[in-house]
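One structure below.
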Amino acid sequence: MKKLLLFLSPLLFLSSKCKQDCGCVTPPEPQGVVNLNFKPTLDNKPFVINQVYVMNGKKMKFTRLSFIVTESCAKATNNANSCGTNAYMFDFSTLDDSTKAAQGITQAFKQQTEGSMTGFQLSLGVAKNLNASLPKDFASSNPLSDAGLYWADWKSYIFAKIEGLMDKDGNGTYESGITLHTGSDEAFRQIWFPTTFTVDTKGSTTLNFGFNVNNLLKDIDLTTVNSSHQTGDKPTMLKIMDNMKDAISLK
Amino acid sequence: MKKVVFFSFLLTFFVACNPDDKGGLTDIPYNPTPYTLSIPSQFPQMDIPADNPMTTEGVELGRFLFYDKILSSNGTMSCASCHLPALSFTDANATSKGVDNIAGRRSSMALENVGFVTKGLFWDGRSKTLEEQALLPVEDPIELHNKWTQVIEKLKVHADYPTRFRKAFGIKNASEITKEMAAKAIAQFERTLISGNAKVDKIFRREAEFTDDEYSGYLLFFNAAGAPDAQCGHCHTTPFYNSNDFFNNGLDSVANLADFKDLGRGVITKRSLDNGKFRAPSLRNIELTAPYMHDGRFKTLEEVVEHYASGGHYAENIDPFIPQIKDIRLTTKQKRQIVLFLKTLTDTSFVNNPAFKDPFN
């Protein structure tokens with residue numbers, strides 16, 4: 001008995017130490033952090049939620065503008081891709097004054113490695129394998145657990161939401177709803193930004209993106225196109241996602 | 001002298017021993033049984049706080065407290081007075097009345113699937129956890145209007161509760177009972193209130209079928225398969241037909257956002273744009289929870305659907321989906337179909353579940 005104890009106790013010690021120090025029980029957490037900041041603009045000024053804008057000749061206010069980013073990757077100098085597996089929600093709905101709007105929205109993007117990078121691939125929407133899941137499959141801390149982000153008729157997450165109210169008849173009340181949503185595997189888009197930057201554990205680097213709302217809504221007449229949930233609305237939906245690629249630029 | 005010493009020794013022995021006996025519970029075994037929730041496959045996992053693991057003994061204690069009038073100042077009401085199991089834990093009143101017969105300004109909320117609410121409890125989301133929430137009704141002047149100190153004193157000398165607290169939380173003496181423990185037990189009971197066996201669930205499990213009208217209502221609700229978009233599914237999403245977010249669904253027309261009678265979410269966030277917004281609650285068992293909305297203004301589901309079909313009342317922060325409902329001009333038949341679909345969300349096995357009922361009866 002004594003022998004057994006003597007033999008086991010160092011093992012026991014080792015294994016408990018292991019759990020604390022080297023993370024060998026669960027797979028290592030992503031090591032590198034790079035901040036992604038998006039500053040939305042409209043008419044070359046910071047984009048403010050619920051502020052009156054003139055779109056297609058009519059006064060309107062945006063009540064929500066948000067999009068999801070998943071499975072984006074940084075390319076290291078040795079050409080290896082370092083990807084993040086988490087999902088990130090960029091929601092401009094909290095930017096309700098020009099000071100907040102000028103700061104934009106920042107999220108700490110976590111990826112596998114640290115080091116020098118030569119470019120960043122931004123993925124707009126929910127990548128195909130993830131898009132086959134349902135909100136119930138995720139822990140409540142994950143943005144993809146939000147059932148309000150899923151549209152069953154498309155069997156897809158809603159990748160982007162553009163919502164607002166328009167004063168169509170010019171009577172001073174904003175009584176016409178605009179609810180443009182996008183989603184489905186076909187709508188997933190990726191943008192490649194060649195740029196050199198370093199990723200460390202503290203997230204010392206920030207990639208600053210511009211988000212031009214005029215480009216996002218280019219060639220979309222909000223006075224007639226005010227929703228996109230029907231099957232027939234697919235062209236609008238795909239157009240918005242193509243536009244989003246042009247709306248985002250690396251500063 | 002020696003004798004005195006001997007006696008005082010005996011005395012200390014007794015003094016040390018006796019208070020321990022009074023309320024002492026260590027003879028009762030503390031061996032809690034882990035409680036595994038049976039969560040229907042269409043539901044997500046439930047978040048259980050690490051400091052309040054579910055146990056059979058905890059759930060049972062919570063059920064007793066939930067139904068016990070000992071919680072109220074004059075012994076006339078319990079949580080269940082406003083949360084009746086037969087009504088999916090609501091109370092059939094537009095606004096609920098407390099022990100002093102004073103009506104609050106809000107309608108009681110259904111507690112089905114309350115353990116899955118993630119972004120704040122109550123119509124305005126002001127309470128973060130069930131543990132935090134369960135502390136409030138006891139002292140609320142328009143609810144049980146009591147003092148926790150008084151409730152705890154009664155529980156400590158009660159014939160039954162000290163044993164139950166021992167079995168659930170391992171206290172060694174009745175004097176260790178706290179309001180936080182009571183709240184934890186109530187929260188554990190509330191987490192068991194899972195409803196996922198309505199007709200609609202059976203349909204998705206291919207054990208039942210929609211009638212034609214119910215199916216048309218379902219398609220309208222979710223804008224599925226090319227049906228006109230009645231917009232409901234944007235805010236009342238599966239699997240709970242709810243949203244954890246807050247919206248103005250067009251109940252009141254106000255010229256200024258400060259003019260809402262009940263400012264709702266705005267009080268919590270202190271943003272005027274959130275005034276008059278409320279949580280879009282779960283529509284499961286909605287057939288049983290009339291009257292409807294945060295102030296119980298609509299008596300029937302027909303009135304609710306009529307409200308939405310009209311496009312609601314305008315306020316600066318009305319949700320953009322609401323005026324769009326008017327655009328599709330729902331016919332009388334379509335409105336009826338939506339109501340029929342809503343009734344497929346009724347789960348009688350939930351309201352009749354003996355495990356959720358009054359243990360004193």
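We label chains A, B, ... in the order they appear in the structure tokens, count residues from 1 in each chain, and number ligands from 1 in the order shown.
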Within 10 Å of chain A, which residues of chain B are there when counting only C-alpha atoms? Please give them as a PyMOL selection string.
-> chain B and resi 41-47+116-119+219+222-229+231+233-245+271+273+311+313-325+327
Save out the residues we just selected, C-alpha atoms, as an mmCIF file, in the first residue's frame.
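The result, stored in part.cif:
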```cif
data_model
loop_
_atom_site.group_PDB
_atom_site.id
_atom_site.type_symbol
_atom_site.label_atom_id
_atom_site.label_comp_id
_atom_site.auth_asym_id
_atom_site.auth_seq_id
_atom_site.Cartn_x
_atom_site.Cartn_y
_atom_site.Cartn_z
ATOM 1 C CA SER B 41 -33.449 18.545 -28.239
ATOM 2 C CA GLN B 42 -34.738 21.701 -29.964
ATOM 3 C CA PHE B 43 -33.637 23.852 -26.984
ATOM 4 C CA PRO B 44 -30.169 25.203 -26.143
ATOM 5 C CA GLN B 45 -28.306 24.218 -22.995
ATOM 6 C CA MET B 46 -29.305 26.199 -19.933
ATOM 7 C CA ASP B 47 -26.759 28.368 -18.128
ATOM 8 C CA PHE B 116 -33.382 30.207 -20.773
ATOM 9 C CA VAL B 117 -33.819 33.995 -20.572
ATOM 10 C CA THR B 118 -30.336 35.416 -21.151
ATOM 11 C CA LYS B 119 -30.452 39.206 -21.387
ATOM 12 C CA LEU B 219 -46.137 30.321 -42.790
ATOM 13 C CA PHE B 222 -42.400 33.052 -40.182
ATOM 14 C CA ASN B 223 -42.705 34.433 -43.704
ATOM 15 C CA ALA B 224 -41.869 30.928 -44.875
ATOM 16 C CA ALA B 225 -42.246 29.301 -48.275
ATOM 17 C CA GLY B 226 -43.162 32.546 -50.006
ATOM 18 C CA ALA B 227 -46.076 33.433 -47.665
ATOM 19 C CA PRO B 228 -46.649 37.151 -46.993
ATOM 20 C CA ASP B 229 -44.419 38.424 -44.185
ATOM 21 C CA GLN B 231 -43.154 39.809 -39.427
ATOM 22 C CA GLY B 233 -40.981 35.563 -36.499
ATOM 23 C CA HIS B 234 -38.454 38.402 -36.549
ATOM 24 C CA CYS B 235 -39.092 39.130 -32.874
ATOM 25 C CA HIS B 236 -40.680 35.883 -31.677
ATOM 26 C CA THR B 237 -38.060 33.391 -32.849
ATOM 27 C CA THR B 238 -37.843 29.637 -32.366
ATOM 28 C CA PRO B 239 -37.425 27.642 -30.230
ATOM 29 C CA PHE B 240 -39.109 29.835 -27.576
ATOM 30 C CA TYR B 241 -41.014 32.152 -29.941
ATOM 31 C CA ASN B 242 -39.376 35.020 -28.073
ATOM 32 C CA SER B 243 -36.464 37.349 -28.283
ATOM 33 C CA ASN B 244 -34.163 38.336 -25.467
ATOM 34 C CA ASP B 245 -34.174 41.862 -26.942
ATOM 35 C CA ARG B 271 -31.448 56.094 -23.201
ATOM 36 C CA LEU B 273 -34.591 55.743 -27.526
ATOM 37 C CA GLY B 311 -49.439 48.616 -38.095
ATOM 38 C CA HIS B 313 -49.341 53.331 -33.117
ATOM 39 C CA TYR B 314 -46.565 55.625 -34.193
ATOM 40 C CA ALA B 315 -43.775 56.782 -31.920
ATOM 41 C CA GLU B 316 -40.317 57.897 -32.968
ATOM 42 C CA ASN B 317 -38.777 54.572 -31.895
ATOM 43 C CA ILE B 318 -41.396 52.190 -33.267
ATOM 44 C CA ASP B 319 -39.701 49.086 -34.583
ATOM 45 C CA PRO B 320 -39.480 49.213 -38.417
ATOM 46 C CA PHE B 321 -41.118 45.785 -38.697
ATOM 47 C CA ILE B 322 -44.355 46.980 -37.106
ATOM 48 C CA PRO B 323 -45.555 49.463 -39.769
ATOM 49 C CA GLN B 324 -44.604 46.880 -42.403
ATOM 50 C CA ILE B 325 -47.252 44.483 -41.054
ATOM 51 C CA ASP B 327 -48.483 46.810 -45.764
#
```
What lies within 9 Å of Leu288 (chain B) using only C-alpha atoms, ignoring chain neighbours under 3 positions off, as a ChimeraX atom specification?
-> /B:86-88,90,92,285,346
Now that the selection is made, can you save its residues with C-alpha atoms as a PDB file, in the first residue's frame?
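Writing the result to out_4.pdb gives the following:
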```pdb
ATOM      1  CA  ALA B  86     -52.556  26.193 -14.829  1.00  0.00           C
ATOM      2  CA  LEU B  87     -52.024  29.567 -16.540  1.00  0.00           C
ATOM      3  CA  SER B  88     -48.392  28.841 -17.449  1.00  0.00           C
ATOM      4  CA  THR B  90     -49.433  33.938 -14.932  1.00  0.00           C
ATOM      5  CA  ALA B  92     -55.251  36.235 -15.496  1.00  0.00           C
ATOM      6  CA  ASN B 285     -48.585  28.652 -23.893  1.00  0.00           C
ATOM      7  CA  THR B 346     -49.950  25.236 -25.916  1.00  0.00           C
TER       8      THR B 346
END
```
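Between CA of Asn215 (chain A) and CA of Met117 (chain A) lies a distance of 28.4 Å.
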Name all residues at most 8 Å from region 198-209 of chain A (count only C-alpha atoms; drop same-chain ones fewer than 3 positions away) and give them as a PyMOL selection string.
-> chain A and resi 31-39+108+113-117+248-251
Polymer residues at most 9 Å from Phe298 (chain B), only C-alpha atoms, same-chain spacing of 6 or more positions, as a ChimeraX atom specification | /B:94,290-292,304,307
Written file, previous selection with N, CA and C atoms, as an mmCIF file, in the first residue's frame:
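The result, stored in part_4.cif:
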```cif
data_model
loop_
_atom_site.group_PDB
_atom_site.id
_atom_site.type_symbol
_atom_site.label_atom_id
_atom_site.label_comp_id
_atom_site.auth_asym_id
_atom_site.auth_seq_id
_atom_site.Cartn_x
_atom_site.Cartn_y
_atom_site.Cartn_z
ATOM 1 N N ALA B 94 -54.921 41.888 -15.651
ATOM 2 C CA ALA B 94 -54.197 42.820 -16.526
ATOM 3 C C ALA B 94 -52.928 43.270 -15.816
ATOM 4 N N ALA B 290 -53.693 35.056 -21.088
ATOM 5 C CA ALA B 290 -54.406 36.331 -21.259
ATOM 6 C C ALA B 290 -54.553 37.032 -19.899
ATOM 7 N N PRO B 291 -54.707 38.322 -19.819
ATOM 8 C CA PRO B 291 -54.606 39.269 -20.928
ATOM 9 C C PRO B 291 -53.148 39.558 -21.316
ATOM 10 N N TYR B 292 -52.975 40.243 -22.440
ATOM 11 C CA TYR B 292 -51.662 40.325 -23.076
ATOM 12 C C TYR B 292 -50.990 41.700 -23.013
ATOM 13 N N VAL B 304 -54.828 41.042 -30.119
ATOM 14 C CA VAL B 304 -53.387 41.221 -30.333
ATOM 15 C C VAL B 304 -53.083 41.259 -31.825
ATOM 16 N N HIS B 307 -54.176 44.360 -33.463
ATOM 17 C CA HIS B 307 -53.232 45.449 -33.170
ATOM 18 C C HIS B 307 -52.076 45.451 -34.178
#
```
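Near Ser228 (chain A), within a cut-off of 8 Å and counting only C-alpha atoms, sit the residues Thr179, Leu180, His181, Thr182, Val225, Asn226, Gln230, Asp233, Lys234, Thr236 and Met237 of chain A, with same-chain residues fewer than 2 positions away left out.
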Excluding same-chain residues fewer than 3 positions from Pro354 (chain B), what lies within 12 Å of it counting only C-alpha atoms, as a ChimeraX atom specification?
-> /B:63,85-86,193,348-351,357-359,361
Can you write out the residues you just picked, keeping N, CA and C atoms, as a compact mmCIF listing (two decimals), in the first residue's frame?
```
# COMPACT_ATOMS: atom_id res chain seq x y z
N ARG B 63 -39.59 24.60 -4.57
CA ARG B 63 -41.02 24.44 -4.87
C ARG B 63 -41.85 24.78 -3.63
N PRO B 85 -49.72 27.71 -11.97
CA PRO B 85 -49.26 26.73 -12.96
C PRO B 85 -50.26 26.50 -14.10
N ALA B 86 -51.57 26.48 -13.78
CA ALA B 86 -52.56 26.19 -14.83
C ALA B 86 -52.55 27.26 -15.92
N LEU B 193 -38.79 24.55 -14.86
CA LEU B 193 -40.06 24.84 -15.53
C LEU B 193 -39.87 24.89 -17.05
N THR B 348 -50.02 21.21 -22.76
CA THR B 348 -50.80 20.82 -21.58
C THR B 348 -49.99 19.93 -20.64
N SER B 349 -49.01 19.21 -21.18
CA SER B 349 -48.21 18.35 -20.27
C SER B 349 -47.39 19.21 -19.32
N PHE B 350 -47.10 20.44 -19.73
CA PHE B 350 -46.37 21.37 -18.84
C PHE B 350 -47.28 21.86 -17.72
N VAL B 351 -48.47 22.36 -18.09
CA VAL B 351 -49.33 22.93 -17.04
C VAL B 351 -49.89 21.86 -16.10
N LYS B 357 -46.52 21.44 -9.38
CA LYS B 357 -47.72 21.90 -8.68
C LYS B 357 -47.49 22.17 -7.20
N ASP B 358 -48.52 22.73 -6.58
CA ASP B 358 -48.51 23.12 -5.17
C ASP B 358 -48.25 21.91 -4.27
N PRO B 359 -47.13 21.86 -3.54
CA PRO B 359 -46.83 20.69 -2.72
C PRO B 359 -47.69 20.64 -1.45
N ASN B 361 -50.92 20.93 -1.40
CA ASN B 361 -52.24 20.35 -1.68
C ASN B 361 -52.17 18.85 -1.94
```
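Relative to CA of Ala185 (chain B), CA of Val267 (chain B) is found at 29.3 Å.
Picture a line from CA of Leu257 (chain B) to CA of Val52 (chain A); it runs 16.4 Å.
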If you count only C-alpha atoms, which residues fall within 8 Å of Tyr218 (chain B), apart from same-chain ones fewer than 5 positions away, as a PyMOL selection string?
-> chain B and resi 224+337-338+341
Write a file of the just-selected residues containing N, CA, C and O atoms, as an mmCIF file, in the first residue's frame.
```cif
data_model
loop_
_atom_site.group_PDB
_atom_site.id
_atom_site.type_symbol
_atom_site.label_atom_id
_atom_site.label_comp_id
_atom_site.auth_asym_id
_atom_site.auth_seq_id
_atom_site.Cartn_x
_atom_site.Cartn_y
_atom_site.Cartn_z
ATOM 1 N N ALA B 224 -42.538 32.074 -44.273
ATOM 2 C CA ALA B 224 -41.869 30.928 -44.875
ATOM 3 C C ALA B 224 -42.522 30.544 -46.190
ATOM 4 O O ALA B 224 -43.682 30.873 -46.439
ATOM 5 N N GLN B 337 -55.941 32.544 -38.955
ATOM 6 C CA GLN B 337 -54.937 31.483 -39.105
ATOM 7 C C GLN B 337 -53.738 31.713 -38.178
ATOM 8 O O GLN B 337 -53.197 30.772 -37.605
ATOM 9 N N ILE B 338 -53.361 32.973 -38.018
ATOM 10 C CA ILE B 338 -52.236 33.270 -37.106
ATOM 11 C C ILE B 338 -52.612 32.875 -35.680
ATOM 12 O O ILE B 338 -51.824 32.248 -34.965
ATOM 13 N N PHE B 341 -52.445 29.197 -35.320
ATOM 14 C CA PHE B 341 -51.056 28.741 -35.169
ATOM 15 C C PHE B 341 -50.571 28.982 -33.735
ATOM 16 O O PHE B 341 -49.953 28.103 -33.116
#
```
Give the strand (DSSP E or B) residues of region 108-212 of chain A, as assigned by DSSP on the backbone, as number ranges by chain.
-> A: 108-111, 115-125, 150-151, 156-167, 176-183, 189-200, 206-212
